[in-house]
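Participant: Below is the file structure_39.cif, with mmCIF, C-alpha atoms.
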data_start
loop_
_atom_site.label_atom_id
_atom_site.label_comp_id
_atom_site.auth_asym_id
_atom_site.auth_seq_id
_atom_site.Cartn_x
_atom_site.Cartn_y
_atom_site.Cartn_z
CA MET N 233 -11.61 -11.83 14.92
CA GLY N 234 -9.40 -14.61 13.73
CA CYS N 235 -6.29 -16.44 14.84
CA ILE N 236 -2.98 -15.97 13.09
CA ARG N 237 -0.20 -18.48 13.19
CA GLY N 238 3.21 -17.31 12.14
CA ARG N 239 6.30 -19.18 11.06
CA ALA N 240 6.76 -22.57 12.68
CA GLY N 241 3.16 -22.46 13.91
CA VAL N 242 3.89 -19.92 16.64
CA PHE N 243 0.65 -18.43 17.94
CA LEU N 244 0.72 -14.69 17.47
CA ALA N 245 -2.67 -13.22 18.30
CA VAL N 246 -6.40 -13.13 18.15
CA VAL N 247 -6.72 -10.35 15.61
CA VAL N 248 -9.13 -7.48 16.19
CA THR N 249 -10.00 -5.93 12.82
CA ASP N 250 -13.03 -3.74 13.56
CA SER N 251 -11.81 -0.12 13.68
CA ALA N 252 -14.32 0.91 16.37
CA GLU N 253 -13.19 -1.98 18.57
CA VAL N 254 -9.51 -1.18 17.93
CA PHE N 255 -10.20 2.42 18.98
CA ARG N 256 -12.07 1.32 22.12
CA LEU N 257 -9.45 -1.21 23.17
CA GLY N 258 -6.49 0.98 22.20
CA THR N 259 -7.90 3.90 24.18
CA SER N 260 -8.53 1.72 27.22
CA LYS N 261 -4.91 0.50 27.08
CA ALA N 262 -3.21 3.88 26.55
CA LYS N 263 -1.61 3.94 30.02
CA GLU N 264 -0.64 0.29 29.73
CA ASN N 265 1.00 0.94 26.37
CA LEU N 266 2.98 3.83 27.83
CA ALA N 267 4.15 1.56 30.66
CA PHE N 268 5.00 -1.13 28.11
CA ARG N 269 7.19 1.30 26.15
CA ARG N 270 9.01 2.10 29.40
CA TYR N 271 9.35 -1.59 30.20
CA LEU N 272 10.89 -2.27 26.79
CA SER N 273 13.31 0.61 27.20
CA ALA N 274 14.32 -0.45 30.71
CA HIS N 275 14.84 -4.06 29.62
CA HIS N 276 16.61 -3.16 26.35
CA VAL N 277 14.24 -5.25 24.26
CA GLY N 278 14.94 -5.01 20.52
CA ASP N 279 12.33 -4.08 17.95
CA LYS N 280 12.95 -6.87 15.44
CA PRO N 281 10.52 -9.32 17.12
CA PHE N 282 7.87 -6.59 17.08
CA GLN N 283 8.54 -5.95 13.40
CA LEU N 284 8.22 -9.66 12.61
CA ILE N 285 4.92 -9.90 14.49
CA ALA N 286 3.54 -6.76 12.86
CA SER N 287 4.64 -7.88 9.40
CA GLU N 288 2.85 -11.19 9.91
CA ILE N 289 -0.31 -9.48 11.14
CA GLN N 290 -0.17 -6.98 8.27
CA LYS N 291 -0.57 -9.87 5.82
CA HIS N 292 -3.99 -10.57 7.32
CA ILE N 293 -5.37 -7.03 7.53
CA ASP N 294 -7.23 -5.32 4.70
CA CYS N 295 -6.26 -1.68 5.13
CA THR N 296 -9.04 -0.56 2.79
CA ALA N 297 -11.56 -1.81 5.34
CA CYS N 298 -10.23 0.79 7.77
CA ALA N 299 -8.27 3.70 6.25
CA SER N 300 -7.96 5.34 9.69
CA CYS N 301 -4.39 6.36 8.88
CA CYS N 302 -5.71 8.28 5.86
CA ARG N 303 -8.27 10.03 8.04
CA GLN N 304 -5.96 10.87 10.95
CA SER N 305 -2.44 11.38 9.60
CA VAL N 306 -0.65 14.54 8.68
CA VAL N 307 1.36 13.47 5.63
CA SER N 308 4.56 15.32 4.88
CA VAL N 309 5.50 15.38 1.22
CA ASN N 310 8.85 16.16 -0.34
CA ARG N 311 9.64 17.28 -3.87
CA GLU N 312 9.93 13.69 -5.13
CA ASP N 313 6.51 12.82 -3.67
CA ILE N 314 4.97 15.87 -5.34
CA GLU N 315 6.58 15.02 -8.69
CA ASN N 316 5.27 11.43 -8.49
CA ILE N 317 1.75 12.63 -7.69
CA ALA N 318 1.94 15.19 -10.50
CA SER N 319 3.02 12.57 -13.01
CA HIS N 320 0.25 10.23 -11.88
CA LEU N 321 -2.38 12.98 -12.19
CA GLY N 322 -1.00 14.43 -15.43
CA ALA N 323 -0.40 17.77 -13.73
CA THR N 324 2.60 19.93 -12.99
CA PRO N 325 4.35 19.79 -9.62
CA ASP N 326 3.40 23.45 -9.06
CA THR N 327 -0.27 22.62 -9.66
CA VAL N 328 -0.13 19.68 -7.24
CA THR N 329 1.58 21.84 -4.63
CA ARG N 330 -1.00 24.61 -5.02
CA LEU N 331 -4.11 22.40 -5.09
CA PHE N 332 -3.25 19.50 -2.80
CA THR N 333 -0.73 20.69 -0.20
CA VAL N 334 -0.40 23.31 2.52
CA PRO N 335 2.63 24.51 4.47
CA ASP N 336 3.54 22.22 7.35
CA PRO N 337 2.38 24.02 10.52
CA ASP N 338 5.49 22.78 12.34
CA ALA N 339 8.01 23.56 9.57
CA SER N 340 7.01 26.32 7.16
CA THR N 341 9.57 25.26 4.53
CA LEU N 342 7.88 21.85 4.19
CA GLN N 343 4.53 20.80 2.71
CA VAL N 344 1.83 18.41 3.92
CA LEU N 345 -1.11 16.97 2.02
CA ARG N 346 -4.34 18.85 2.50
CA SER N 347 -6.91 17.14 4.66
CA SER N 348 -10.37 17.76 6.01
CA ARG N 349 -12.57 16.22 8.66
CA GLU N 350 -13.08 13.33 6.20
CA GLY N 351 -9.35 12.75 5.83
CA CYS N 352 -6.70 13.11 3.18
CA VAL N 353 -7.52 15.10 0.06
CA PHE N 354 -6.93 11.95 -2.00
CA LEU N 355 -9.14 9.63 0.07
CA GLU N 356 -12.36 8.48 -1.61
CA GLY N 357 -14.31 6.20 0.69
CA ASN N 358 -11.55 3.98 2.00
CA ARG N 359 -9.46 4.09 -1.17
CA CYS N 360 -6.59 6.33 -2.23
CA ARG N 361 -7.04 8.04 -5.59
CA ILE N 362 -3.27 8.17 -6.05
CA TYR N 363 -2.40 4.80 -4.50
CA GLU N 364 0.25 3.98 -7.12
CA ALA N 365 1.91 7.37 -6.53
CA ARG N 366 1.20 7.83 -2.82
CA PRO N 367 3.89 9.58 -0.77
CA LYS N 368 6.66 7.60 0.92
CA ALA N 369 5.13 8.19 4.37
CA CYS N 370 1.94 6.48 3.17
CA ARG N 371 3.77 3.64 1.41
CA ASP N 372 5.78 2.91 4.55
CA PHE N 373 2.89 3.12 7.03
CA PRO N 374 2.60 1.52 9.57
CA HIS N 375 6.42 1.50 9.52
CA VAL N 376 6.84 -2.13 10.57
CA ALA N 377 9.10 -3.48 7.84
CA VAL N 378 11.74 -5.73 9.37
CA GLY N 379 15.08 -3.99 9.66
CA THR N 380 13.82 -0.44 9.21
CA HIS N 381 14.72 2.14 11.78
CA SER N 382 12.83 5.34 11.08
CA LEU N 383 11.21 7.86 13.38
CA GLY N 384 7.83 6.41 12.39
CA GLY N 385 9.10 2.93 13.17
CA ARG N 386 9.93 3.66 16.80
CA LEU N 387 7.81 1.93 19.39
CA SER N 388 6.79 5.29 20.82
CA SER N 389 5.36 6.19 17.42
CA HIS N 390 3.60 2.84 17.16
CA ALA N 391 1.96 3.23 20.55
CA ARG N 392 0.35 6.46 19.30
CA TRP N 393 -1.34 4.50 16.53
CA ALA N 394 -2.65 1.67 18.71
CA THR N 395 -6.07 3.34 18.84
CA LEU N 396 -6.29 3.75 15.08
CA CYS N 397 -4.43 0.97 13.30
CA PRO N 398 -5.47 -2.68 13.64
CA ILE N 399 -1.98 -3.79 12.62
CA ILE N 400 -0.30 -1.78 15.35
CA TYR N 401 -2.89 -2.58 18.02
CA ASN N 402 -2.66 -6.33 17.41
CA ALA N 403 1.14 -6.30 17.09
CA LEU N 404 1.55 -4.44 20.39
CA GLU N 405 -0.75 -6.87 22.17
CA SER N 406 1.13 -9.85 20.73
CA TYR N 407 4.48 -8.30 21.56
CA LYS N 408 3.43 -7.95 25.20
CA HIS N 409 3.04 -11.72 25.32
CA VAL N 410 6.31 -12.40 23.50
CA THR N 411 8.25 -10.18 25.91
CA CYS N 412 6.51 -11.70 28.96
CA TYR N 413 5.17 -8.28 29.90
CA ASN N 414 2.66 -8.31 32.73
CA ALA N 415 0.80 -5.03 33.17
CA HIS N 416 -0.19 -6.03 36.71
CA SER N 417 3.23 -6.97 38.05
CA ASP N 418 5.38 -4.93 40.41
CA HIS N 419 7.25 -3.15 37.60
CA GLU N 420 4.01 -1.56 36.43
CA PRO N 421 1.05 -0.36 38.47
CA GLY N 422 -2.12 -2.22 37.58
CA PRO N 423 -5.31 -0.54 36.35
#
Can I see the file as C-alpha coordinates?
Facilitator:
Amino acid sequence: MGCIRGRAGVFLAVVVTDSAEVFRLGTSKAKENLAFRRYLSAHHVGDKPFQLIASEIQKHIDCTACASCCRQSVVSVNREDIENIASHLGATPDTVTRLFTVPDPDASTLQVLRSSREGCVFLEGNRCRIYEARPKACRDFPHVAVGTHSLGGRLSSHARWATLCPIIYNALESYKHVTCYNAHSDHEPGP
(Lines of atoms letter the chains of each structure in order from A and count residues from 1; the text may use other names and numbers.)
(Lines give C-alpha, C1' and ligand atoms only; values in the text may rest on other atoms or scores of the structure.)
Protein backbone atom coordinates (compact mmCIF):
# COMPACT_ATOMS: atom_id res chain seq x y z
CA MET A 1 0.00 0.00 0.00
CA GLY A 2 1.09 3.53 -0.62
CA CYS A 3 -0.39 7.00 -0.63
CA ILE A 4 -0.97 8.90 -3.84
CA ARG A 5 -1.22 12.63 -4.03
CA GLY A 6 -2.69 14.10 -7.16
CA ARG A 7 -2.54 17.56 -8.63
CA ALA A 8 -2.35 20.37 -6.10
CA GLY A 9 -1.52 17.84 -3.37
CA VAL A 10 -5.08 16.51 -3.15
CA PHE A 11 -5.13 13.23 -1.26
CA LEU A 12 -6.59 10.54 -3.47
CA ALA A 13 -6.22 7.16 -1.81
CA VAL A 14 -4.32 4.54 0.05
CA VAL A 15 -3.62 2.27 -2.88
CA VAL A 16 -4.21 -1.46 -2.62
CA THR A 17 -2.06 -3.23 -5.22
CA ASP A 18 -2.14 -6.89 -4.16
CA SER A 19 -4.54 -8.70 -6.53
CA ALA A 20 -5.76 -11.13 -3.85
CA GLU A 21 -6.55 -8.23 -1.52
CA VAL A 22 -8.28 -6.31 -4.33
CA PHE A 23 -10.41 -9.40 -5.02
CA ARG A 24 -11.26 -9.84 -1.33
CA LEU A 25 -12.12 -6.18 -0.77
CA GLY A 26 -13.91 -5.76 -4.10
CA THR A 27 -16.03 -8.84 -3.44
CA SER A 28 -16.91 -7.65 0.07
CA LYS A 29 -18.02 -4.28 -1.38
CA ALA A 30 -20.07 -5.59 -4.32
CA LYS A 31 -23.42 -4.51 -2.84
CA GLU A 32 -21.97 -1.19 -1.76
CA ASN A 33 -20.63 -0.57 -5.26
CA LEU A 34 -24.04 -1.31 -6.75
CA ALA A 35 -25.60 1.18 -4.32
CA PHE A 36 -22.88 3.70 -5.19
CA ARG A 37 -23.69 3.40 -8.91
CA ARG A 38 -27.34 4.09 -8.06
CA TYR A 39 -26.34 7.02 -5.87
CA LEU A 40 -24.30 8.54 -8.70
CA SER A 41 -27.15 8.10 -11.14
CA ALA A 42 -29.71 9.61 -8.76
CA HIS A 43 -27.46 12.58 -8.00
CA HIS A 44 -26.37 13.10 -11.63
CA VAL A 45 -22.69 12.98 -10.75
CA GLY A 46 -20.42 13.25 -13.80
CA ASP A 47 -17.69 10.76 -14.62
CA LYS A 48 -14.85 13.19 -15.29
CA PRO A 49 -13.71 13.33 -11.63
CA PHE A 50 -13.67 9.52 -11.58
CA GLN A 51 -11.61 9.48 -14.77
CA LEU A 52 -9.13 11.96 -13.30
CA ILE A 53 -8.75 9.90 -10.13
CA ALA A 54 -8.38 6.64 -12.06
CA SER A 55 -5.86 8.17 -14.46
CA GLU A 56 -3.78 9.37 -11.51
CA ILE A 57 -3.93 5.97 -9.81
CA GLN A 58 -3.09 4.22 -13.08
CA LYS A 59 0.26 6.02 -13.12
CA HIS A 60 1.19 4.21 -9.91
CA ILE A 61 0.04 0.69 -10.77
CA ASP A 62 2.21 -1.87 -12.55
CA CYS A 63 -0.30 -3.85 -14.58
CA THR A 64 2.24 -6.60 -15.24
CA ALA A 65 2.22 -7.38 -11.52
CA CYS A 66 -1.44 -8.34 -11.86
CA ALA A 67 -2.68 -9.14 -15.39
CA SER A 68 -6.11 -10.08 -14.02
CA CYS A 69 -7.76 -8.40 -17.00
CA CYS A 70 -5.82 -10.73 -19.30
CA ARG A 71 -6.98 -13.73 -17.30
CA GLN A 72 -10.64 -12.74 -16.96
CA SER A 73 -11.62 -10.72 -20.03
CA VAL A 74 -13.34 -11.80 -23.18
CA VAL A 75 -11.60 -9.68 -25.81
CA SER A 76 -13.51 -8.85 -28.96
CA VAL A 77 -11.33 -8.29 -32.00
CA ASN A 78 -12.21 -6.59 -35.25
CA ARG A 79 -10.55 -6.90 -38.64
CA GLU A 80 -8.07 -4.09 -37.89
CA ASP A 81 -7.04 -5.78 -34.62
CA ILE A 82 -6.50 -9.08 -36.44
CA GLU A 83 -4.46 -7.39 -39.17
CA ASN A 84 -2.25 -5.67 -36.56
CA ILE A 85 -1.67 -8.94 -34.72
CA ALA A 86 -0.92 -10.71 -38.00
CA SER A 87 1.61 -8.09 -39.01
CA HIS A 88 3.26 -8.26 -35.58
CA LEU A 89 3.49 -12.07 -35.75
CA GLY A 90 4.48 -12.22 -39.42
CA ALA A 91 1.36 -14.22 -40.23
CA THR A 92 -1.68 -13.74 -42.40
CA PRO A 93 -4.93 -12.41 -40.97
CA ASP A 94 -6.61 -15.72 -41.88
CA THR A 95 -3.97 -17.63 -39.91
CA VAL A 96 -4.41 -15.37 -36.88
CA THR A 97 -8.18 -15.74 -37.09
CA ARG A 98 -7.93 -19.54 -37.33
CA LEU A 99 -5.30 -20.05 -34.61
CA PHE A 100 -6.03 -17.32 -32.08
CA THR A 101 -9.73 -16.44 -32.25
CA VAL A 102 -13.12 -18.09 -31.85
CA PRO A 103 -16.60 -16.87 -32.75
CA ASP A 104 -18.07 -14.55 -30.14
CA PRO A 105 -20.66 -16.63 -28.24
CA ASP A 106 -22.93 -13.58 -28.05
CA ALA A 107 -22.53 -12.44 -31.68
CA SER A 108 -21.58 -15.17 -34.15
CA THR A 109 -20.42 -12.68 -36.81
CA LEU A 110 -17.73 -11.35 -34.45
CA GLN A 111 -14.50 -12.89 -33.14
CA VAL A 112 -12.92 -12.98 -29.68
CA LEU A 113 -9.40 -13.96 -28.69
CA ARG A 114 -9.05 -17.54 -27.55
CA SER A 115 -8.54 -18.03 -23.85
CA SER A 116 -8.12 -20.83 -21.37
CA ARG A 117 -8.23 -21.18 -17.62
CA GLU A 118 -4.82 -19.45 -17.60
CA GLY A 119 -6.12 -16.48 -19.57
CA CYS A 120 -5.66 -14.96 -22.99
CA VAL A 121 -3.93 -17.00 -25.66
CA PHE A 122 -1.22 -14.33 -25.83
CA LEU A 123 -0.54 -14.12 -22.09
CA GLU A 124 2.82 -15.51 -20.93
CA GLY A 125 3.18 -15.15 -17.18
CA ASN A 126 1.92 -11.62 -16.68
CA ARG A 127 3.15 -10.31 -20.02
CA CYS A 128 1.44 -9.99 -23.39
CA ARG A 129 3.31 -11.59 -26.29
CA ILE A 130 1.72 -9.10 -28.69
CA TYR A 131 1.76 -6.04 -26.44
CA GLU A 132 2.75 -3.65 -29.25
CA ALA A 133 -0.10 -4.98 -31.41
CA ARG A 134 -2.68 -5.77 -28.72
CA PRO A 135 -6.33 -5.18 -29.62
CA LYS A 136 -7.99 -1.83 -28.98
CA ALA A 137 -10.04 -3.27 -26.10
CA CYS A 138 -6.78 -4.21 -24.36
CA ARG A 139 -5.06 -0.91 -25.14
CA ASP A 140 -7.99 1.03 -23.72
CA PHE A 141 -8.47 -1.07 -20.57
CA PRO A 142 -9.43 -0.08 -17.89
CA HIS A 143 -11.27 2.55 -19.96
CA VAL A 144 -10.52 5.50 -17.67
CA ALA A 145 -9.01 8.00 -20.09
CA VAL A 146 -10.36 11.46 -19.36
CA GLY A 147 -13.05 12.48 -21.81
CA THR A 148 -13.77 9.02 -23.19
CA HIS A 149 -17.32 7.79 -23.20
CA SER A 150 -17.38 4.15 -24.24
CA LEU A 151 -19.46 1.23 -23.04
CA GLY A 152 -16.38 -0.03 -21.18
CA GLY A 153 -15.94 3.38 -19.62
CA ARG A 154 -19.33 3.46 -17.94
CA LEU A 155 -19.35 3.29 -14.18
CA SER A 156 -21.49 0.16 -14.31
CA SER A 157 -18.73 -1.52 -16.31
CA HIS A 158 -16.08 -0.28 -13.89
CA ALA A 159 -17.94 -1.65 -10.88
CA ARG A 160 -17.75 -5.12 -12.47
CA TRP A 161 -13.97 -4.88 -12.48
CA ALA A 162 -13.58 -3.68 -8.89
CA THR A 163 -12.77 -7.24 -7.79
CA LEU A 164 -10.12 -7.73 -10.44
CA CYS A 165 -8.43 -4.44 -11.29
CA PRO A 166 -6.43 -2.49 -8.69
CA ILE A 167 -6.88 0.69 -10.72
CA ILE A 168 -10.66 0.41 -10.75
CA TYR A 169 -10.95 -0.75 -7.14
CA ASN A 170 -8.84 2.14 -5.83
CA ALA A 171 -10.50 4.71 -8.10
CA LEU A 172 -13.99 3.67 -6.98
CA GLU A 173 -13.00 3.88 -3.33
CA SER A 174 -11.47 7.33 -3.85
CA TYR A 175 -14.46 8.50 -5.85
CA LYS A 176 -16.76 7.56 -2.97
CA HIS A 177 -14.87 10.05 -0.82
CA VAL A 178 -14.84 12.76 -3.48
CA THR A 179 -18.60 12.50 -3.97
CA CYS A 180 -19.25 12.44 -0.20
CA TYR A 181 -20.89 9.04 -0.53
CA ASN A 182 -21.71 7.38 2.77
CA ALA A 183 -22.66 3.72 2.45
CA HIS A 184 -24.28 3.81 5.89
CA SER A 185 -26.51 6.85 5.44
CA ASP A 186 -30.26 6.86 4.89
CA HIS A 187 -29.97 6.80 1.08
CA GLU A 188 -28.27 3.42 1.23
CA PRO A 189 -28.86 0.54 3.63
CA GLY A 190 -25.77 -0.28 5.65
CA PRO A 191 -24.10 -3.70 5.69
Participant: For the provided coordinates, the residues matched by the PyMOL selection byres ((chain N and resi 249) around 10) should be stated as an MDAnalysis selection string.
Facilitator: chainID N and resid 233:234 246:248 250:254 292:295 297:298 397:399 401:402
Participant: Please evaluate the PyMOL selection byres ((chain N and resi 277) around 12) against the structure above and give the resulting residues as a list of chain:residue names.
Facilitator: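 That expression, the PyMOL selection byres ((chain N and resi 277) around 12), corresponds here to N:Phe268, N:Arg269, N:Arg270, N:Tyr271, N:Leu272, N:Ser273, N:Ala274, N:His275, N:His276, N:Gly278, N:Asp279, N:Lys280, N:Pro281, N:Phe282, N:Leu387, N:Tyr407, N:Lys408, N:Val410, N:Thr411, N:Cys412, N:Tyr413.
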Participant: So the first atom is CA of Asp313 (chain N) and the second is CA of Arg392 (chain N); what is the distance between them in Å, to one decimal place?
Facilitator: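 Calculated distance between CA of Asp313 (chain N) and CA of Arg392 (chain N) is 24.6 Å.
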Participant: Mind pulling up the distance from CA of Gly258 (chain N) to CA of His390 (chain N)?
Facilitator: 11.4 Å
Participant: Of the candidates N:Val344, N:Pro335, N:Ala394, N:Ala403, which shows the shortest atom-to-atom distance to Leu257 (chain N), using only C-alpha atoms?
Facilitator: N:Ala394
Participant: N:Glu405, N:Glu315, N:Asp372, N:Glu356: which is nearest Lys261 (chain N), counting only C-alpha atoms?
Facilitator: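 Closest residue, counting only C-alpha atoms: N:Glu405.
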Participant: Calculate how many Å separate CA of Val307 (chain N) from CA of Ala262 (chain N), rounding to one decimal.
Facilitator: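 Computing it gives 23.5 Å between the two atoms.
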Participant: To verify the selection step, state as a list in words which residues the PyMOL selection byres ((chain N and resi 332) around 7) yields on this input.
Facilitator: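 Output from the PyMOL selection byres ((chain N and resi 332) around 7), applied to this file: Val328, Thr329, Arg330, Leu331, Thr333, Leu345, Arg346 and Val353 of chain N.
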Participant: Using all atoms listed in the file, can you tell me which of N:Leu284, N:Ala299, N:Ala415, N:Leu321 comes closest to Arg361 (chain N)?
Facilitator: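 Result for the nearest residue to Arg361 (chain N): N:Leu321.
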Participant: Can you pull out every residue within 8 Å of Ile362 (chain N), counting all atoms listed in the file, but drop anything in the same chain fewer than 4 positions away, and send it as a PyMOL selection string?
Facilitator: chain N and resi 317+320-321+354+366
Participant: Write out as a PDB file with C-alpha atoms, in the frame of the given file which residues come within 9 Å of Asn316 (chain N) when counting only C-alpha atoms, dropping same-chain ones fewer than 6 positions away.
Facilitator:
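Output file out_29.pdb is given in full below:
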ATOM      1  CA  PRO N 325       4.350  19.790  -9.620  1.00  0.00           C
ATOM      2  CA  ALA N 365       1.910   7.370  -6.530  1.00  0.00           C
ATOM      3  CA  ARG N 366       1.200   7.830  -2.820  1.00  0.00           C
ATOM      4  CA  PRO N 367       3.890   9.580  -0.770  1.00  0.00           C
TER       5      PRO N 367
END
Participant: Using all atoms listed in the file, which of the listed residues (N:Cys360, N:Ile314, N:Cys352, N:Ala339) sits closest to Asp326 (chain N)?
Facilitator: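 Checking each of N:Cys360, N:Ile314, N:Cys352, N:Ala339 against Asp326 (chain N), counting all atoms listed in the file, the winner is N:Ile314.
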Participant: Write region 286-306 of chain N as a CSV table (one decimal), in the coordinates of the input, completed to N, CA and C atoms.
Facilitator:
chain,number,residue,atom,x,y,z
N,286,ALA,N,4.4,-7.7,13.6
N,286,ALA,CA,3.5,-6.8,12.9
N,286,ALA,C,3.5,-7.1,11.4
N,287,SER,N,4.6,-7.5,10.8
N,287,SER,CA,4.6,-7.9,9.4
N,287,SER,C,3.7,-9.1,9.1
N,288,GLU,N,3.7,-10.0,10.1
N,288,GLU,CA,2.8,-11.2,9.9
N,288,GLU,C,1.4,-10.8,10.0
N,289,ILE,N,1.1,-10.0,11.0
N,289,ILE,CA,-0.3,-9.5,11.1
N,289,ILE,C,-0.7,-8.7,9.9
N,290,GLN,N,0.1,-7.8,9.4
N,290,GLN,CA,-0.2,-7.0,8.3
N,290,GLN,C,-0.7,-7.8,7.1
N,291,LYS,N,-0.1,-9.0,6.9
N,291,LYS,CA,-0.6,-9.9,5.8
N,291,LYS,C,-2.0,-10.2,5.9
N,292,HIS,N,-2.6,-10.1,7.1
N,292,HIS,CA,-4.0,-10.6,7.3
N,292,HIS,C,-5.0,-9.4,7.5
N,293,ILE,N,-4.5,-8.2,7.3
N,293,ILE,CA,-5.4,-7.0,7.5
N,293,ILE,C,-5.6,-6.4,6.2
N,294,ASP,N,-6.9,-6.1,5.9
N,294,ASP,CA,-7.2,-5.3,4.7
N,294,ASP,C,-7.3,-3.8,5.1
N,295,CYS,N,-6.3,-3.1,4.7
N,295,CYS,CA,-6.3,-1.7,5.1
N,295,CYS,C,-7.4,-0.9,4.5
N,296,THR,N,-7.9,-1.3,3.4
N,296,THR,CA,-9.0,-0.6,2.8
N,296,THR,C,-10.4,-0.7,3.6
N,297,ALA,N,-10.4,-1.7,4.5
N,297,ALA,CA,-11.6,-1.8,5.3
N,297,ALA,C,-11.5,-0.8,6.5
N,298,CYS,N,-10.4,-0.1,6.6
N,298,CYS,CA,-10.2,0.8,7.8
N,298,CYS,C,-9.9,2.2,7.3
N,299,ALA,N,-8.8,2.4,6.7
N,299,ALA,CA,-8.3,3.7,6.2
N,299,ALA,C,-8.2,4.8,7.3
N,300,SER,N,-8.1,4.4,8.6
N,300,SER,CA,-8.0,5.3,9.7
N,300,SER,C,-6.7,6.2,9.5
N,301,CYS,N,-5.6,5.6,9.1
N,301,CYS,CA,-4.4,6.4,8.9
N,301,CYS,C,-4.6,7.5,7.9
N,302,CYS,N,-5.4,7.3,6.9
N,302,CYS,CA,-5.7,8.3,5.9
N,302,CYS,C,-6.6,9.4,6.4
N,303,ARG,N,-7.4,9.1,7.4
N,303,ARG,CA,-8.3,10.0,8.0
N,303,ARG,C,-7.6,10.8,9.2
N,304,GLN,N,-6.5,10.3,9.8
N,304,GLN,CA,-6.0,10.9,11.0
N,304,GLN,C,-4.6,11.4,10.8
N,305,SER,N,-3.8,11.0,9.7
N,305,SER,CA,-2.4,11.4,9.6
N,305,SER,C,-2.3,12.8,9.0
N,306,VAL,N,-1.2,13.4,9.4
N,306,VAL,CA,-0.6,14.5,8.7
N,306,VAL,C,0.5,14.0,7.8
